[in-house]
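First up is the structure itself, then whatever we jot down about it.
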Amino acid sequence: MAYWLVKSEPSVYSWEQFVKDKQTCWSGIRNYAARLHLRNMKKGDQAFYYHSNEGMAIVGIATIIKEAYQDPTTPDERWVAVDIKAEKALKNPVTLQQIKKEKRLANMALVRLGRLSTQPVTEEEWNIVLEMSK
């Protein structure tokens, strides 16, 4: 299993709305690096759900339930989407500020490549963030 992080502005698609919907098509990604990550996501992989711009915190966990397919928001076949399912909220959201202060997360993509909307997370990073959320 691999780990990921997906970002959304709460005013566009919040964790609360995602939980209400139970699952969603993760579409509209128009960045080549993020597209590669979407293509590498496998059914059963897990992803942190990150509120960007407002809140700036990892707030929940999602599971990939459908692997990459043609993004329904564009006729351009180069772009893909995946389906994700809301699993659970973190007991305590982990803020970007907390992540940046944690030396063990200095190489996390969220710190190094802040603007990338879909990112890989190592198993070690995953476990540290979970530990920080308790």
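Identifiers in the structure tokens: chain A, B, ... in order shown; residue index from 1 per chain; ligand index from 1 in order shown.
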* Where does DSSP see strand (DSSP E or B) in region 29-71 of chain A, if you list the residues as a ChimeraX atom specification? -> /A:46-51,57-70
May I have a table of the residues of region 48-116 of chain A lying at most 10 Å from region 28-35 of chain A, giving each one's closest pair of atoms and their distance in Å to one decimal, counting only C-alpha atoms, ordered by chain and ascending residue number, as JSON lines?
{"residue": "A:Ala68", "atom": "CA", "partner": "A:Arg35", "partner_atom": "CA", "distance": 9.3}
{"residue": "A:Asp71", "atom": "CA", "partner": "A:Gly28", "partner_atom": "CA", "distance": 7.1}
{"residue": "A:Pro72", "atom": "CA", "partner": "A:Gly28", "partner_atom": "CA", "distance": 8.4}
{"residue": "A:Thr73", "atom": "CA", "partner": "A:Gly28", "partner_atom": "CA", "distance": 6.2}
{"residue": "A:Thr74", "atom": "CA", "partner": "A:Gly28", "partner_atom": "CA", "distance": 7.9}
{"residue": "A:Arg78", "atom": "CA", "partner": "A:Arg35", "partner_atom": "CA", "distance": 8.8}
{"residue": "A:Trp79", "atom": "CA", "partner": "A:Arg35", "partner_atom": "CA", "distance": 6.9}
{"residue": "A:Val80", "atom": "CA", "partner": "A:Arg35", "partner_atom": "CA", "distance": 6.7}
{"residue": "A:Ala81", "atom": "CA", "partner": "A:Gly28", "partner_atom": "CA", "distance": 7.5}
{"residue": "A:Leu116", "atom": "CA", "partner": "A:Ala34", "partner_atom": "CA", "distance": 6.5}
* Please measure the separation of CA of Met1 (chain A) and CA of Gln70 (chain A), giving the value in Å to one decimal. =>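 Distance between the two atoms: 22.8 Å.
All residues of protein, DNA or RNA that reach within 8 Å of Glu9 (chain A), judged by only C-alpha atoms and not counting those fewer than 2 positions away in the chain, are Lys7, Ser11, Val12, Tyr13, Ser14, His51, Ser52, Asn53 and Glu54 of chain A.
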* Please provide the set of residues having any atom within 8 Å of Gly60 (chain A), restricted to only C-alpha atoms, with same-chain residues fewer than 5 positions apart removed, written as a PyMOL selection string. => chain A and resi 15+48-50+86-90+93
* Name the residues of chain A that fall into helix (DSSP H, G or I) according to DSSP on the backbone, using the chain letters and numbers of this document, as a PyMOL selection string. => chain A and resi 10-13+15-21+32-40+96-101+103-105+109-112+123-132
Would you mind exporting C-alpha atoms of the selected residues as a PDB file, in the first residue's frame?
ATOM      1  CA  PRO A  10     -12.412  24.148   2.319  1.00  0.00           C
ATOM      2  CA  SER A  11     -14.470  26.789   0.512  1.00  0.00           C
ATOM      3  CA  VAL A  12     -14.295  24.672  -2.674  1.00  0.00           C
ATOM      4  CA  TYR A  13     -14.687  21.138  -1.235  1.00  0.00           C
ATOM      5  CA  TRP A  15     -13.726  17.626   4.544  1.00  0.00           C
ATOM      6  CA  GLU A  16     -17.225  18.037   5.975  1.00  0.00           C
ATOM      7  CA  GLN A  17     -18.757  17.997   2.483  1.00  0.00           C
ATOM      8  CA  PHE A  18     -16.607  15.003   1.539  1.00  0.00           C
ATOM      9  CA  VAL A  19     -17.838  13.108   4.615  1.00  0.00           C
ATOM     10  CA  LYS A  20     -21.430  13.994   3.733  1.00  0.00           C
ATOM     11  CA  ASP A  21     -20.877  12.768   0.147  1.00  0.00           C
ATOM     12  CA  TYR A  32       1.852  17.092 -14.839  1.00  0.00           C
ATOM     13  CA  ALA A  33       3.578  15.981 -11.628  1.00  0.00           C
ATOM     14  CA  ALA A  34       0.235  15.618  -9.816  1.00  0.00           C
ATOM     15  CA  ARG A  35      -1.101  13.660 -12.797  1.00  0.00           C
ATOM     16  CA  LEU A  36       1.732  11.156 -12.414  1.00  0.00           C
ATOM     17  CA  HIS A  37       0.791  10.715  -8.762  1.00  0.00           C
ATOM     18  CA  LEU A  38      -2.864  10.146  -9.680  1.00  0.00           C
ATOM     19  CA  ARG A  39      -1.787   7.505 -12.204  1.00  0.00           C
ATOM     20  CA  ASN A  40       0.270   5.757  -9.515  1.00  0.00           C
ATOM     21  CA  LEU A  96       1.243  22.975   8.190  1.00  0.00           C
ATOM     22  CA  GLN A  97       2.941  25.002  10.916  1.00  0.00           C
ATOM     23  CA  GLN A  98       3.243  21.880  13.119  1.00  0.00           C
ATOM     24  CA  ILE A  99       4.541  19.854  10.169  1.00  0.00           C
ATOM     25  CA  LYS A 100       7.191  22.460   9.347  1.00  0.00           C
ATOM     26  CA  LYS A 101       8.363  22.453  12.980  1.00  0.00           C
ATOM     27  CA  LYS A 103      12.349  17.979  11.904  1.00  0.00           C
ATOM     28  CA  ARG A 104      11.489  14.406  10.854  1.00  0.00           C
ATOM     29  CA  LEU A 105       9.099  15.857   8.233  1.00  0.00           C
ATOM     30  CA  ALA A 109       6.491  16.917  -0.180  1.00  0.00           C
ATOM     31  CA  LEU A 110       4.009  19.179   1.619  1.00  0.00           C
ATOM     32  CA  VAL A 111       6.961  21.157   2.973  1.00  0.00           C
ATOM     33  CA  ARG A 112       9.147  21.049  -0.149  1.00  0.00           C
ATOM     34  CA  GLU A 123       5.170   5.409   5.342  1.00  0.00           C
ATOM     35  CA  GLU A 124       7.401   7.081   7.928  1.00  0.00           C
ATOM     36  CA  GLU A 125       5.819  10.497   7.258  1.00  0.00           C
ATOM     37  CA  TRP A 126       2.352   8.918   7.424  1.00  0.00           C
ATOM     38  CA  ASN A 127       3.074   7.413  10.842  1.00  0.00           C
ATOM     39  CA  ILE A 128       4.586  10.640  12.208  1.00  0.00           C
ATOM     40  CA  VAL A 129       1.553  12.686  11.145  1.00  0.00           C
ATOM     41  CA  LEU A 130      -0.785  10.102  12.706  1.00  0.00           C
ATOM     42  CA  GLU A 131       1.263  10.284  15.915  1.00  0.00           C
ATOM     43  CA  MET A 132       1.000  14.092  15.865  1.00  0.00           C
TER      44      MET A 132
END
* With a distance cut-off of 8 Å and only C-alpha atoms, select the neighbouring residues of Trp26 (chain A), excluding the residue or stretch itself and same-chain residues fewer than 4 positions from it, and output the selection as a ChimeraX atom specification. => /A:81-84
Those residues you just picked out, can you put them in a file as a PDB file, in the first residue's frame with N, CA and C atoms?
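Result written to result-v2.pdb:
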ATOM      1  N   ALA A  81      -8.467  11.111 -13.365  1.00  0.00           N
ATOM      2  CA  ALA A  81      -9.086  11.293 -12.059  1.00  0.00           C
ATOM      3  C   ALA A  81      -9.040   9.955 -11.333  1.00  0.00           C
ATOM      4  N   VAL A  82      -9.241   9.986 -10.038  1.00  0.00           N
ATOM      5  CA  VAL A  82      -9.412   8.772  -9.234  1.00  0.00           C
ATOM      6  C   VAL A  82     -10.634   8.999  -8.350  1.00  0.00           C
ATOM      7  N   ASP A  83     -11.199   7.929  -7.827  1.00  0.00           N
ATOM      8  CA  ASP A  83     -12.290   8.049  -6.864  1.00  0.00           C
ATOM      9  C   ASP A  83     -11.730   7.776  -5.475  1.00  0.00           C
ATOM     10  N   ILE A  84     -12.154   8.587  -4.529  1.00  0.00           N
ATOM     11  CA  ILE A  84     -11.714   8.429  -3.146  1.00  0.00           C
ATOM     12  C   ILE A  84     -12.927   8.386  -2.218  1.00  0.00           C
TER      13      ILE A  84
END
* Among listed residues A:Met56, A:Val94, A:Gln46, A:Lys85, nearest Gly114 (chain A) (using only C-alpha atoms) ->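 The closest residue to Gly114 (chain A) is A:Met56.
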